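> The structure follows.
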Amino acid sequence: MAGGAAGFAGWAFWEGAVDAVRATLEQWALVSAALRWLDAIGGQGLHALVAPLVVVALAVPALIVVTLLLVALLVTPAIVDLVAARRFPTLERRRGGRWWQGLAWSLSATIAAVVVLVLSLPLWLVPLVALVLPPLIWGWLTYRVYTFDVLAAHADADERRRIMAEQRWQLLAIGVICGYLGAAPTLLWAVSAATLILAPVLIVASVWLYTLVFAFASAWFAHFALDALERLRREASAVDLPVAEAPPPVTLDTLPPP
């Protein structure tokens, strides 16, 4: 779905988007001066790449968010059912998360991640920060969305909140690793400037790779979170077991007569 929509958008709007961005950049005095400087030093090729690069930089985060949410909505439930059937067949489904709660949770987390992403854009000019910050943001978003989704069917609300609180750092670490894996398809754009010419095709390929990464993330979160839920219930059952009373001591008075 995301690949088809991205392919159609690239076919229908790529040239118009590039032209619109180029016209907008030329209206800004500072950017226009920088572009004229590039032309003066023989960088006409770089001048021509600025607008397509801006379009790609705006399109890729949107593609990541849309793909993440589509995988959470359409793929994650099937993966959770498969993991539960094969590894946790006796785990009770308490259905503590309704579909509208999952939707509201995912949208709120997405909005928060996009706001942080936009506010942090100036920091991306620092090389080391550019390598660390985006995967952290995508990792946090992945952790928030997929933890809720994989526990929605099996855990009740209290169990879900407890697991997300007690296993916060482990779940966040899984999300960050998946965030770095999700950044791998972006390297397609760093191979060569020629990739910008093939951007409409590569965008579809990127969506496919993002889908694989987020499907893998769903499986990892399902294994980890359902295992944590099973352990939590075992611990609760052990605490709730009644303590057997000790038998009375045997004394000479209590012995039967010979």
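Ligands are numbered from 1 in the order shown, residues from 1 within each chain, and chains are lettered A, B, ... in the order they appear in the structure tokens.
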Pick out each residue of range 78-185 of chain A that DSSP on the backbone tags as helix (DSSP H, G or I); I need them as a count of residues only.

89

> Leaving out range 94-98 of chain A and any residue of its chain fewer than 5 positions from it, which residues lie within 8 Å of it when counting only C-alpha atoms, given as a PyMOL selection string?

chain A and resi 148+151-157+160

> Can you pull out every residue within 12 Å of Val65 in chain A, counting only C-alpha atoms, but drop anything in the same chain fewer than 2 positions away, and send it as an MDAnalysis selection string?

chainID A and resid 2 58:63 67:72 106:107 109:114 117 137:139 141:142 145 179 182 207 210:211 214

> CA of Met164 in chain A to CA of Arg233 in chain A: how many Å, to one decimal?

14.9 Å

> Find the distance between CA of Leu74 in chain A and CA of Val115 in chain A and write it in Å to one decimal.

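CA of Val115 in chain A lies at a distance of 25.2 Å from CA of Leu74 in chain A.
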
> Work out how far apart CA of Ile174 in chain A and CA of Val83 in chain A are and give it in Å to one decimal.

17.2 Å

> Using only C-alpha atoms, which of A:Ile163, A:Leu226, A:Val132, A:Val126 sits nearest Thr90 in chain A?

A:Leu226

> Between A:Trp11, A:Trp100, A:Trp208, A:Phe216, single out the one closest to Gly175 in chain A, counting only C-alpha atoms.

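Once distances to Gly175 in chain A are computed over only C-alpha atoms, the minimum belongs to A:Phe216.
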
> Can you tell me which residues surround Pro200 in chain A at a distance of at most 12 Å, considering only C-alpha atoms, apart from same-chain residues fewer than 6 positions away, and format the answer as JSON, numbers by chain?

{"A": [3, 4, 5, 6, 7, 8, 9, 10, 11, 12, 13, 14, 15, 17, 18, 52, 55, 56, 59, 60, 189, 206, 207]}

> Mind checking which residues fall within 8 Å of range 76-81 of chain A, counting only C-alpha atoms, ignoring those fewer than 6 positions away in the same chain, and posting them as a list in words?

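The neighbour list is Tyr146, Asp149, Val150, Ala215, Ser218, Ala219 and Ala222 of chain A.
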
> Could you give me, as a list in words, the residues within 12 Å of Leu133 in chain A, counting only C-alpha atoms and dropping anything in the same chain fewer than 6 positions from it?

Ala113, Val116, Leu117, Val118, Leu119, Ser120, Leu121, Pro122, Leu123, Trp124, Leu125, Val126, Pro127, Gly139, Trp140, Val176, Gly179, Tyr180 and Ala183 of chain A
